[in-house]
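Novice: What follows is input26.cif, mmCIF, N, CA and C atoms.
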data_input
#
loop_
_atom_site.label_atom_id
_atom_site.label_comp_id
_atom_site.auth_asym_id
_atom_site.auth_seq_id
_atom_site.Cartn_x
_atom_site.Cartn_y
_atom_site.Cartn_z
N MET A 1 4.17 -16.79 -7.57
CA MET A 1 3.39 -15.56 -7.59
C MET A 1 3.84 -14.68 -8.75
N THR A 2 2.90 -13.96 -9.30
CA THR A 2 3.21 -12.98 -10.34
C THR A 2 2.51 -11.69 -9.98
N LEU A 3 2.95 -10.61 -10.59
CA LEU A 3 2.28 -9.35 -10.34
C LEU A 3 0.86 -9.42 -10.86
N ILE A 4 -0.04 -8.83 -10.12
CA ILE A 4 -1.44 -8.78 -10.54
C ILE A 4 -1.52 -8.09 -11.89
N GLN A 5 -2.26 -8.66 -12.79
CA GLN A 5 -2.45 -8.05 -14.09
C GLN A 5 -3.49 -6.95 -13.97
N MET A 6 -3.09 -5.73 -14.21
CA MET A 6 -3.99 -4.59 -14.15
C MET A 6 -4.02 -3.95 -15.52
N GLN A 7 -5.08 -3.21 -15.80
CA GLN A 7 -5.20 -2.56 -17.10
C GLN A 7 -4.20 -1.44 -17.24
N PRO A 8 -3.52 -1.38 -18.40
CA PRO A 8 -2.67 -0.22 -18.65
C PRO A 8 -3.53 1.04 -18.69
N ARG A 9 -2.95 2.17 -18.35
CA ARG A 9 -3.70 3.43 -18.33
C ARG A 9 -4.18 3.82 -19.72
N SER A 10 -3.40 3.51 -20.74
CA SER A 10 -3.78 3.84 -22.12
C SER A 10 -4.30 2.58 -22.79
N ALA A 11 -5.53 2.64 -23.26
CA ALA A 11 -6.12 1.49 -23.93
C ALA A 11 -5.60 1.34 -25.36
N ASN A 12 -4.96 2.37 -25.91
CA ASN A 12 -4.52 2.35 -27.30
C ASN A 12 -3.20 1.63 -27.52
N ALA A 13 -2.32 1.67 -26.54
CA ALA A 13 -1.00 1.07 -26.74
C ALA A 13 -0.51 0.45 -25.45
N THR A 14 0.13 -0.70 -25.59
CA THR A 14 0.75 -1.35 -24.45
C THR A 14 2.24 -1.11 -24.55
N PRO A 15 2.84 -0.48 -23.53
CA PRO A 15 4.27 -0.19 -23.59
C PRO A 15 5.11 -1.46 -23.67
N VAL A 16 6.21 -1.41 -24.43
CA VAL A 16 7.10 -2.54 -24.54
C VAL A 16 7.81 -2.75 -23.21
N HIS A 17 8.28 -1.70 -22.60
CA HIS A 17 8.96 -1.76 -21.31
C HIS A 17 8.01 -1.19 -20.26
N ARG A 18 7.23 -2.04 -19.63
CA ARG A 18 6.20 -1.58 -18.69
C ARG A 18 6.84 -1.13 -17.39
N THR A 19 6.36 -0.02 -16.90
CA THR A 19 6.80 0.49 -15.61
C THR A 19 5.61 0.56 -14.68
N ALA A 20 5.89 0.86 -13.42
CA ALA A 20 4.82 0.98 -12.44
C ALA A 20 3.83 2.07 -12.83
N ALA A 21 4.27 3.08 -13.53
CA ALA A 21 3.39 4.17 -13.95
C ALA A 21 2.34 3.71 -14.96
N ASP A 22 2.59 2.59 -15.64
CA ASP A 22 1.67 2.08 -16.65
C ASP A 22 0.51 1.29 -16.04
N MET A 23 0.55 1.04 -14.75
CA MET A 23 -0.44 0.20 -14.11
C MET A 23 -1.50 1.04 -13.41
N ASP A 24 -2.71 0.49 -13.34
CA ASP A 24 -3.78 1.09 -12.55
C ASP A 24 -3.61 0.57 -11.13
N THR A 25 -3.12 1.41 -10.25
CA THR A 25 -2.73 0.96 -8.91
C THR A 25 -3.56 1.59 -7.81
N GLY A 26 -4.79 1.95 -8.11
CA GLY A 26 -5.65 2.60 -7.14
C GLY A 26 -5.71 1.84 -5.82
N ALA A 27 -5.64 2.56 -4.73
CA ALA A 27 -5.70 1.94 -3.41
C ALA A 27 -6.27 2.95 -2.43
N PRO A 28 -7.00 2.47 -1.43
CA PRO A 28 -7.52 3.39 -0.41
C PRO A 28 -6.39 4.03 0.38
N GLN A 29 -6.52 5.33 0.63
CA GLN A 29 -5.53 6.07 1.43
C GLN A 29 -6.23 6.65 2.65
N VAL A 30 -5.56 6.54 3.78
CA VAL A 30 -6.11 7.07 5.03
C VAL A 30 -5.03 7.83 5.77
N CYS A 31 -5.46 8.68 6.70
CA CYS A 31 -4.51 9.44 7.52
C CYS A 31 -4.09 8.60 8.72
N ASP A 32 -2.88 8.82 9.20
CA ASP A 32 -2.35 8.02 10.30
C ASP A 32 -3.03 8.28 11.64
N ASP A 33 -3.93 9.28 11.72
CA ASP A 33 -4.64 9.49 12.99
C ASP A 33 -5.96 8.72 13.05
N MET A 34 -6.24 7.91 12.04
CA MET A 34 -7.45 7.09 12.01
C MET A 34 -7.32 5.94 13.01
N THR A 35 -8.42 5.58 13.66
CA THR A 35 -8.39 4.46 14.60
C THR A 35 -8.39 3.14 13.83
N ILE A 36 -8.01 2.08 14.52
CA ILE A 36 -7.93 0.76 13.91
C ILE A 36 -9.31 0.32 13.42
N GLU A 37 -10.34 0.52 14.24
CA GLU A 37 -11.69 0.11 13.85
C GLU A 37 -12.16 0.82 12.58
N VAL A 38 -11.92 2.12 12.51
CA VAL A 38 -12.33 2.87 11.32
C VAL A 38 -11.52 2.41 10.11
N ALA A 39 -10.24 2.17 10.29
CA ALA A 39 -9.39 1.70 9.18
C ALA A 39 -9.89 0.35 8.66
N LEU A 40 -10.25 -0.55 9.56
CA LEU A 40 -10.80 -1.84 9.14
C LEU A 40 -12.11 -1.67 8.39
N SER A 41 -12.92 -0.72 8.83
CA SER A 41 -14.18 -0.44 8.16
C SER A 41 -13.95 0.11 6.75
N VAL A 42 -12.99 1.02 6.62
CA VAL A 42 -12.64 1.56 5.30
C VAL A 42 -12.16 0.44 4.39
N MET A 43 -11.33 -0.44 4.93
CA MET A 43 -10.80 -1.55 4.16
C MET A 43 -11.93 -2.47 3.69
N ASP A 44 -12.87 -2.76 4.58
CA ASP A 44 -14.02 -3.60 4.21
C ASP A 44 -14.85 -2.92 3.12
N SER A 45 -15.13 -1.64 3.29
CA SER A 45 -15.93 -0.90 2.32
C SER A 45 -15.27 -0.86 0.95
N ALA A 46 -13.95 -0.73 0.95
CA ALA A 46 -13.20 -0.65 -0.31
C ALA A 46 -12.91 -2.04 -0.89
N ARG A 47 -13.24 -3.06 -0.11
CA ARG A 47 -12.94 -4.44 -0.51
C ARG A 47 -11.47 -4.59 -0.86
N SER A 48 -10.65 -4.09 0.05
CA SER A 48 -9.20 -4.11 -0.14
C SER A 48 -8.55 -4.82 1.03
N GLY A 49 -7.44 -5.46 0.77
CA GLY A 49 -6.70 -6.14 1.83
C GLY A 49 -5.62 -5.28 2.44
N HIS A 50 -5.51 -4.03 1.98
CA HIS A 50 -4.47 -3.14 2.49
C HIS A 50 -4.90 -1.67 2.36
N LEU A 51 -4.23 -0.82 3.12
CA LEU A 51 -4.45 0.63 3.07
C LEU A 51 -3.11 1.33 2.99
N LEU A 52 -3.07 2.42 2.23
CA LEU A 52 -1.91 3.31 2.26
C LEU A 52 -2.14 4.30 3.39
N VAL A 53 -1.17 4.45 4.26
CA VAL A 53 -1.28 5.36 5.39
C VAL A 53 -0.44 6.60 5.10
N CYS A 54 -1.07 7.77 5.23
CA CYS A 54 -0.38 9.04 4.97
C CYS A 54 -0.34 9.89 6.23
N ASP A 55 0.67 10.75 6.33
CA ASP A 55 0.77 11.65 7.48
C ASP A 55 -0.02 12.93 7.21
N ASN A 56 0.07 13.89 8.11
CA ASN A 56 -0.68 15.15 7.97
C ASN A 56 -0.25 15.98 6.78
N ASP A 57 0.95 15.70 6.24
CA ASP A 57 1.43 16.40 5.05
C ASP A 57 1.07 15.65 3.77
N ASP A 58 0.26 14.62 3.89
CA ASP A 58 -0.19 13.80 2.77
C ASP A 58 0.93 12.98 2.15
N LEU A 59 1.97 12.69 2.92
CA LEU A 59 3.06 11.86 2.44
C LEU A 59 2.83 10.43 2.90
N CYS A 60 3.06 9.49 2.03
CA CYS A 60 2.86 8.08 2.34
C CYS A 60 3.90 7.64 3.37
N THR A 61 3.43 7.04 4.46
CA THR A 61 4.34 6.59 5.50
C THR A 61 4.39 5.08 5.65
N GLN A 62 3.33 4.39 5.23
CA GLN A 62 3.27 2.95 5.48
C GLN A 62 2.16 2.31 4.67
N LEU A 63 2.24 1.02 4.56
CA LEU A 63 1.19 0.20 3.99
C LEU A 63 0.79 -0.78 5.07
N VAL A 64 -0.50 -0.85 5.40
CA VAL A 64 -0.95 -1.80 6.41
C VAL A 64 -1.92 -2.78 5.78
N THR A 65 -1.92 -3.98 6.30
CA THR A 65 -2.80 -5.03 5.79
C THR A 65 -3.92 -5.30 6.78
N GLN A 66 -4.94 -5.94 6.29
CA GLN A 66 -6.07 -6.31 7.14
C GLN A 66 -5.60 -7.24 8.25
N ALA A 67 -4.70 -8.15 7.92
CA ALA A 67 -4.19 -9.09 8.93
C ALA A 67 -3.44 -8.35 10.05
N GLN A 68 -2.64 -7.34 9.69
CA GLN A 68 -1.93 -6.57 10.72
C GLN A 68 -2.91 -5.86 11.65
N LEU A 69 -3.91 -5.23 11.06
CA LEU A 69 -4.88 -4.49 11.87
C LEU A 69 -5.71 -5.43 12.74
N ALA A 70 -6.09 -6.57 12.20
CA ALA A 70 -6.86 -7.54 12.99
C ALA A 70 -6.04 -8.06 14.15
N ALA A 71 -4.75 -8.28 13.95
CA ALA A 71 -3.88 -8.75 15.03
C ALA A 71 -3.80 -7.73 16.15
N VAL A 72 -3.70 -6.44 15.80
CA VAL A 72 -3.67 -5.38 16.81
C VAL A 72 -4.99 -5.34 17.55
N ARG A 73 -6.09 -5.38 16.82
CA ARG A 73 -7.42 -5.32 17.43
C ARG A 73 -7.67 -6.49 18.37
N ASP A 74 -7.12 -7.65 18.04
CA ASP A 74 -7.33 -8.84 18.86
C ASP A 74 -6.35 -8.99 20.01
N SER A 75 -5.39 -8.06 20.13
CA SER A 75 -4.39 -8.15 21.21
C SER A 75 -4.98 -7.66 22.53
N SER A 76 -4.38 -8.07 23.62
CA SER A 76 -4.88 -7.69 24.95
C SER A 76 -4.64 -6.22 25.25
N ALA A 77 -3.71 -5.58 24.57
CA ALA A 77 -3.40 -4.17 24.83
C ALA A 77 -4.29 -3.21 24.02
N TYR A 78 -5.17 -3.74 23.20
CA TYR A 78 -5.98 -2.92 22.31
C TYR A 78 -7.05 -2.13 23.06
N THR A 79 -7.22 -0.86 22.65
CA THR A 79 -8.36 -0.05 23.07
C THR A 79 -8.92 0.61 21.82
N ASP A 80 -10.12 1.14 21.91
CA ASP A 80 -10.73 1.77 20.74
C ASP A 80 -10.12 3.12 20.40
N ARG A 81 -9.13 3.54 21.15
CA ARG A 81 -8.44 4.81 20.87
C ARG A 81 -7.12 4.63 20.13
N VAL A 82 -6.73 3.40 19.88
CA VAL A 82 -5.47 3.13 19.18
C VAL A 82 -5.59 3.63 17.74
N GLN A 83 -4.62 4.46 17.34
CA GLN A 83 -4.58 5.01 16.00
C GLN A 83 -3.53 4.29 15.16
N LEU A 84 -3.64 4.43 13.87
CA LEU A 84 -2.68 3.79 12.97
C LEU A 84 -1.25 4.21 13.30
N ARG A 85 -1.04 5.49 13.60
CA ARG A 85 0.32 5.96 13.89
C ARG A 85 0.90 5.29 15.13
N ASP A 86 0.03 4.76 16.02
CA ASP A 86 0.49 4.08 17.22
C ASP A 86 1.07 2.70 16.94
N ILE A 87 0.71 2.12 15.82
CA ILE A 87 1.15 0.75 15.53
C ILE A 87 2.17 0.67 14.42
N LEU A 88 2.42 1.78 13.74
CA LEU A 88 3.34 1.74 12.61
C LEU A 88 4.77 1.55 13.07
N GLY A 89 5.45 0.64 12.41
CA GLY A 89 6.86 0.40 12.72
C GLY A 89 7.74 1.09 11.70
N ASP A 90 8.79 0.40 11.33
CA ASP A 90 9.71 0.93 10.33
C ASP A 90 8.99 1.08 9.00
N ARG A 91 9.41 2.09 8.26
CA ARG A 91 8.84 2.30 6.93
C ARG A 91 9.20 1.13 6.03
N LEU A 92 8.24 0.72 5.24
CA LEU A 92 8.49 -0.30 4.23
C LEU A 92 9.17 0.35 3.04
N PRO A 93 9.80 -0.46 2.21
CA PRO A 93 10.35 0.11 0.98
C PRO A 93 9.22 0.60 0.08
N PHE A 94 9.51 1.57 -0.75
CA PHE A 94 8.56 2.13 -1.70
C PHE A 94 9.12 1.94 -3.09
N THR A 95 8.29 2.11 -4.09
CA THR A 95 8.76 2.09 -5.47
C THR A 95 8.25 3.34 -6.17
N SER A 96 8.92 3.71 -7.25
CA SER A 96 8.55 4.91 -8.00
C SER A 96 7.87 4.52 -9.31
N PRO A 97 7.19 5.46 -9.94
CA PRO A 97 6.52 5.17 -11.21
C PRO A 97 7.49 4.76 -12.33
N GLU A 98 8.76 5.13 -12.21
CA GLU A 98 9.74 4.79 -13.24
C GLU A 98 10.28 3.37 -13.10
N THR A 99 10.01 2.71 -12.00
CA THR A 99 10.50 1.36 -11.76
C THR A 99 9.86 0.40 -12.75
N SER A 100 10.67 -0.46 -13.36
CA SER A 100 10.09 -1.44 -14.29
C SER A 100 9.32 -2.48 -13.49
N MET A 101 8.35 -3.09 -14.14
CA MET A 101 7.55 -4.12 -13.47
C MET A 101 8.44 -5.28 -13.04
N ALA A 102 9.42 -5.63 -13.84
CA ALA A 102 10.34 -6.72 -13.49
C ALA A 102 11.13 -6.37 -12.23
N GLU A 103 11.60 -5.13 -12.14
CA GLU A 103 12.36 -4.71 -10.96
C GLU A 103 11.47 -4.70 -9.71
N ALA A 104 10.24 -4.22 -9.86
CA ALA A 104 9.32 -4.19 -8.72
C ALA A 104 9.00 -5.60 -8.24
N GLU A 105 8.75 -6.50 -9.18
CA GLU A 105 8.45 -7.88 -8.80
C GLU A 105 9.65 -8.53 -8.11
N HIS A 106 10.84 -8.29 -8.65
CA HIS A 106 12.06 -8.83 -8.04
C HIS A 106 12.24 -8.31 -6.61
N ALA A 107 12.05 -7.00 -6.42
CA ALA A 107 12.20 -6.40 -5.09
C ALA A 107 11.20 -7.00 -4.10
N MET A 108 9.97 -7.21 -4.56
CA MET A 108 8.95 -7.76 -3.68
C MET A 108 9.28 -9.20 -3.30
N ARG A 109 9.74 -9.98 -4.25
CA ARG A 109 10.09 -11.38 -3.97
C ARG A 109 11.28 -11.46 -3.01
N CYS A 110 12.30 -10.63 -3.24
CA CYS A 110 13.49 -10.65 -2.38
C CYS A 110 13.17 -10.25 -0.94
N ARG A 111 12.26 -9.30 -0.80
CA ARG A 111 11.88 -8.81 0.54
C ARG A 111 10.68 -9.56 1.12
N ARG A 112 10.16 -10.51 0.35
CA ARG A 112 9.00 -11.31 0.76
C ARG A 112 7.80 -10.42 1.10
N LEU A 113 7.51 -9.49 0.19
CA LEU A 113 6.38 -8.58 0.35
C LEU A 113 5.28 -8.96 -0.63
N ASP A 114 4.04 -8.88 -0.19
CA ASP A 114 2.90 -9.13 -1.07
C ASP A 114 2.48 -7.87 -1.81
N ALA A 115 2.85 -6.70 -1.25
CA ALA A 115 2.46 -5.42 -1.84
C ALA A 115 3.55 -4.40 -1.59
N LEU A 116 3.61 -3.42 -2.48
CA LEU A 116 4.63 -2.38 -2.40
C LEU A 116 4.00 -1.04 -2.73
N PRO A 117 4.10 -0.05 -1.82
CA PRO A 117 3.53 1.27 -2.11
C PRO A 117 4.24 1.95 -3.28
N LEU A 118 3.46 2.62 -4.10
CA LEU A 118 3.97 3.38 -5.24
C LEU A 118 3.84 4.86 -4.88
N VAL A 119 4.98 5.58 -4.86
CA VAL A 119 4.97 6.99 -4.48
C VAL A 119 5.68 7.83 -5.52
N ASP A 120 5.31 9.12 -5.58
CA ASP A 120 5.98 10.03 -6.52
C ASP A 120 7.24 10.61 -5.88
N GLU A 121 7.89 11.53 -6.60
CA GLU A 121 9.16 12.11 -6.13
C GLU A 121 9.03 12.83 -4.80
N GLN A 122 7.86 13.37 -4.51
CA GLN A 122 7.64 14.10 -3.26
C GLN A 122 7.22 13.18 -2.11
N GLY A 123 6.97 11.91 -2.38
CA GLY A 123 6.56 10.98 -1.34
C GLY A 123 5.05 10.82 -1.22
N SER A 124 4.30 11.40 -2.14
CA SER A 124 2.85 11.26 -2.12
C SER A 124 2.45 9.90 -2.69
N ALA A 125 1.49 9.26 -2.05
CA ALA A 125 1.04 7.94 -2.47
C ALA A 125 0.31 8.00 -3.79
N LEU A 126 0.67 7.10 -4.69
CA LEU A 126 0.00 6.98 -5.98
C LEU A 126 -0.84 5.70 -6.05
N GLY A 127 -0.47 4.70 -5.26
CA GLY A 127 -1.17 3.43 -5.29
C GLY A 127 -0.31 2.32 -4.72
N VAL A 128 -0.68 1.10 -5.06
CA VAL A 128 -0.01 -0.08 -4.53
C VAL A 128 0.19 -1.09 -5.66
N LEU A 129 1.37 -1.68 -5.72
CA LEU A 129 1.62 -2.81 -6.59
C LEU A 129 1.50 -4.04 -5.72
N ALA A 130 0.77 -5.05 -6.19
CA ALA A 130 0.55 -6.26 -5.40
C ALA A 130 0.85 -7.50 -6.20
N LEU A 131 1.30 -8.53 -5.51
CA LEU A 131 1.53 -9.82 -6.14
C LEU A 131 0.25 -10.63 -6.09
N ALA A 132 -0.02 -11.36 -7.16
CA ALA A 132 -1.19 -12.24 -7.19
C ALA A 132 -0.78 -13.57 -6.55
N GLY A 133 -1.70 -14.19 -5.87
CA GLY A 133 -1.43 -15.43 -5.15
C GLY A 133 -1.54 -16.65 -5.93
#
Could I get this file's structure written as structure tokens?

Specialist:
Amino acid sequence: MTLIQMQPRSANATPVHRTAADMDTGAPQVCDDMTIEVALSVMDSARSGHLLVCDNDDLCTQLVTQAQLAAVRDSSAYTDRVQLRDILGDRLPFTSPETSMAEAEHAMRCRRLDALPLVDEQGSALGVLALAG
């Protein structure tokens, strides 16, 4: 696997030492009070395999995948009132815009993650770095 090739933000110059800030990492963001069904619908509409989940203070708390949400929806304990905050476990690791692409890829491989949330110094979600399959 390698990191997904995304367009650098500046079309004029490609940085020699690429960091996460140089990548176009747009990703759908939702609030943790959203229900599973609505989150799956947002994911389908955005044609994305994951969502960034934020709390009421707009701070990134988790990254969820379509597979995780489908597993919850298909479980016997599921009801249509289950919210994202009800299923979130431990926080995943995050990366900052200053992280080099090599460091981010290494961290994802070591932790066996397909995607890693990108957050600023305050914890606000900026996007997602993902590995290509």

Novice: Of the candidates A:Val53, A:Ala130, A:Val82, A:Ala107, which one gets nearest to Thr35 (chain A) if we count all atoms listed in the file?

Specialist: A:Val82

Novice: So how many Å separate CA of Leu59 (chain A) and atom N of Ile87 (chain A), to one decimal?

Specialist: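 Atom N of Ile87 (chain A) lies at a distance of 16.7 Å from CA of Leu59 (chain A).
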
Novice: Counting only C-alpha atoms, what is within 12 Å of Ser41 (chain A), bar same-chain residues fewer than 4 positions away, as a CSV table (one decimal) with N, CA and C atoms, keeping the file's coordinate frame?

Specialist:
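The result, stored in selection_16.csv:
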chain,number,residue,atom,x,y,z
A,28,PRO,N,-7.0,2.5,-1.4
A,28,PRO,CA,-7.5,3.4,-0.4
A,28,PRO,C,-6.4,4.0,0.4
A,30,VAL,N,-5.6,6.5,3.8
A,30,VAL,CA,-6.1,7.1,5.0
A,30,VAL,C,-5.0,7.8,5.8
A,34,MET,N,-6.2,7.9,12.0
A,34,MET,CA,-7.4,7.1,12.0
A,34,MET,C,-7.3,5.9,13.0
A,35,THR,N,-8.4,5.6,13.7
A,35,THR,CA,-8.4,4.5,14.6
A,35,THR,C,-8.4,3.1,13.8
A,36,ILE,N,-8.0,2.1,14.5
A,36,ILE,CA,-7.9,0.8,13.9
A,36,ILE,C,-9.3,0.3,13.4
A,37,GLU,N,-10.3,0.5,14.2
A,37,GLU,CA,-11.7,0.1,13.8
A,37,GLU,C,-12.2,0.8,12.6
A,45,SER,N,-15.1,-1.6,3.3
A,45,SER,CA,-15.9,-0.9,2.3
A,45,SER,C,-15.3,-0.9,1.0
A,46,ALA,N,-14.0,-0.7,1.0
A,46,ALA,CA,-13.2,-0.6,-0.3
A,46,ALA,C,-12.9,-2.0,-0.9
A,47,ARG,N,-13.2,-3.1,-0.1
A,47,ARG,CA,-12.9,-4.4,-0.5
A,47,ARG,C,-11.5,-4.6,-0.9
A,48,SER,N,-10.6,-4.1,0.0
A,48,SER,CA,-9.2,-4.1,-0.1
A,48,SER,C,-8.6,-4.8,1.0
A,49,GLY,N,-7.4,-5.5,0.8
A,49,GLY,CA,-6.7,-6.1,1.8
A,49,GLY,C,-5.6,-5.3,2.4
A,50,HIS,N,-5.5,-4.0,2.0
A,50,HIS,CA,-4.5,-3.1,2.5
A,50,HIS,C,-4.9,-1.7,2.4
A,51,LEU,N,-4.2,-0.8,3.1
A,51,LEU,CA,-4.4,0.6,3.1
A,51,LEU,C,-3.1,1.3,3.0
A,66,GLN,N,-4.9,-5.9,6.3
A,66,GLN,CA,-6.1,-6.3,7.1
A,66,GLN,C,-5.6,-7.2,8.2
A,69,LEU,N,-3.9,-5.2,11.1
A,69,LEU,CA,-4.9,-4.5,11.9
A,69,LEU,C,-5.7,-5.4,12.7
A,70,ALA,N,-6.1,-6.6,12.2
A,70,ALA,CA,-6.9,-7.5,13.0
A,70,ALA,C,-6.0,-8.1,14.2

Novice: Looking at only N, CA and C atoms, which of A:Ala71, A:Val64, A:Leu116, A:Ala39 is the one that sits closest to Phe94 (chain A)?

Specialist: A:Leu116

Novice: Suppose a student applies the PyMOL selection byres ((chain A and resi 122) around 8) to this structure; what residues should they get, written as a list in words?

Specialist: Asp58, Leu59, Cys60, Val119, Asp120, Glu121, Gly123, Ser124 and Ala125 of chain A

Novice: Residues of region 19-69 of chain A classed as alpha helix (DSSP H) by DSSP on the backbone are to be reported as a PDB file with N, CA and C atoms, in the frame of the given file.

Specialist:
ATOM      1  N   ILE A  36      -8.010   2.080  14.520  1.00  0.00           N
ATOM      2  CA  ILE A  36      -7.930   0.760  13.910  1.00  0.00           C
ATOM      3  C   ILE A  36      -9.310   0.320  13.420  1.00  0.00           C
ATOM      4  N   GLU A  37     -10.340   0.520  14.240  1.00  0.00           N
ATOM      5  CA  GLU A  37     -11.690   0.110  13.850  1.00  0.00           C
ATOM      6  C   GLU A  37     -12.160   0.820  12.580  1.00  0.00           C
ATOM      7  N   VAL A  38     -11.920   2.120  12.510  1.00  0.00           N
ATOM      8  CA  VAL A  38     -12.330   2.870  11.320  1.00  0.00           C
ATOM      9  C   VAL A  38     -11.520   2.410  10.110  1.00  0.00           C
ATOM     10  N   ALA A  39     -10.240   2.170  10.290  1.00  0.00           N
ATOM     11  CA  ALA A  39      -9.390   1.700   9.180  1.00  0.00           C
ATOM     12  C   ALA A  39      -9.890   0.350   8.660  1.00  0.00           C
ATOM     13  N   LEU A  40     -10.250  -0.550   9.560  1.00  0.00           N
ATOM     14  CA  LEU A  40     -10.800  -1.840   9.140  1.00  0.00           C
ATOM     15  C   LEU A  40     -12.110  -1.670   8.390  1.00  0.00           C
ATOM     16  N   SER A  41     -12.920  -0.720   8.830  1.00  0.00           N
ATOM     17  CA  SER A  41     -14.180  -0.440   8.160  1.00  0.00           C
ATOM     18  C   SER A  41     -13.950   0.110   6.750  1.00  0.00           C
ATOM     19  N   VAL A  42     -12.990   1.020   6.620  1.00  0.00           N
ATOM     20  CA  VAL A  42     -12.640   1.560   5.300  1.00  0.00           C
ATOM     21  C   VAL A  42     -12.160   0.440   4.390  1.00  0.00           C
ATOM     22  N   MET A  43     -11.330  -0.440   4.930  1.00  0.00           N
ATOM     23  CA  MET A  43     -10.800  -1.550   4.160  1.00  0.00           C
ATOM     24  C   MET A  43     -11.930  -2.470   3.690  1.00  0.00           C
ATOM     25  N   ASP A  44     -12.870  -2.760   4.580  1.00  0.00           N
ATOM     26  CA  ASP A  44     -14.020  -3.600   4.210  1.00  0.00           C
ATOM     27  C   ASP A  44     -14.850  -2.920   3.120  1.00  0.00           C
ATOM     28  N   SER A  45     -15.130  -1.640   3.290  1.00  0.00           N
ATOM     29  CA  SER A  45     -15.930  -0.900   2.320  1.00  0.00           C
ATOM     30  C   SER A  45     -15.270  -0.860   0.950  1.00  0.00           C
ATOM     31  N   ALA A  46     -13.950  -0.730   0.950  1.00  0.00           N
ATOM     32  CA  ALA A  46     -13.200  -0.650  -0.310  1.00  0.00           C
ATOM     33  C   ALA A  46     -12.910  -2.040  -0.890  1.00  0.00           C
ATOM     34  N   GLN A  66      -4.940  -5.940   6.290  1.00  0.00           N
ATOM     35  CA  GLN A  66      -6.070  -6.310   7.140  1.00  0.00           C
ATOM     36  C   GLN A  66      -5.600  -7.240   8.250  1.00  0.00           C
ATOM     37  N   ALA A  67      -4.700  -8.150   7.920  1.00  0.00           N
ATOM     38  CA  ALA A  67      -4.190  -9.090   8.930  1.00  0.00           C
ATOM     39  C   ALA A  67      -3.440  -8.350  10.050  1.00  0.00           C
ATOM     40  N   GLN A  68      -2.640  -7.340   9.690  1.00  0.00           N
ATOM     41  CA  GLN A  68      -1.930  -6.570  10.720  1.00  0.00           C
ATOM     42  C   GLN A  68      -2.910  -5.860  11.650  1.00  0.00           C
ATOM     43  N   LEU A  69      -3.910  -5.230  11.060  1.00  0.00           N
ATOM     44  CA  LEU A  69      -4.880  -4.490  11.870  1.00  0.00           C
ATOM     45  C   LEU A  69      -5.710  -5.430  12.740  1.00  0.00           C
TER      46      LEU A  69
END

Novice: If we count only N, CA and C atoms, what is near Asp55 (chain A) at a cut-off of 6 Å, once residues fewer than 5 positions away on the same chain are taken out, given as a VMD selection string?

Specialist: chain A and resid 31 to 32 60 to 61
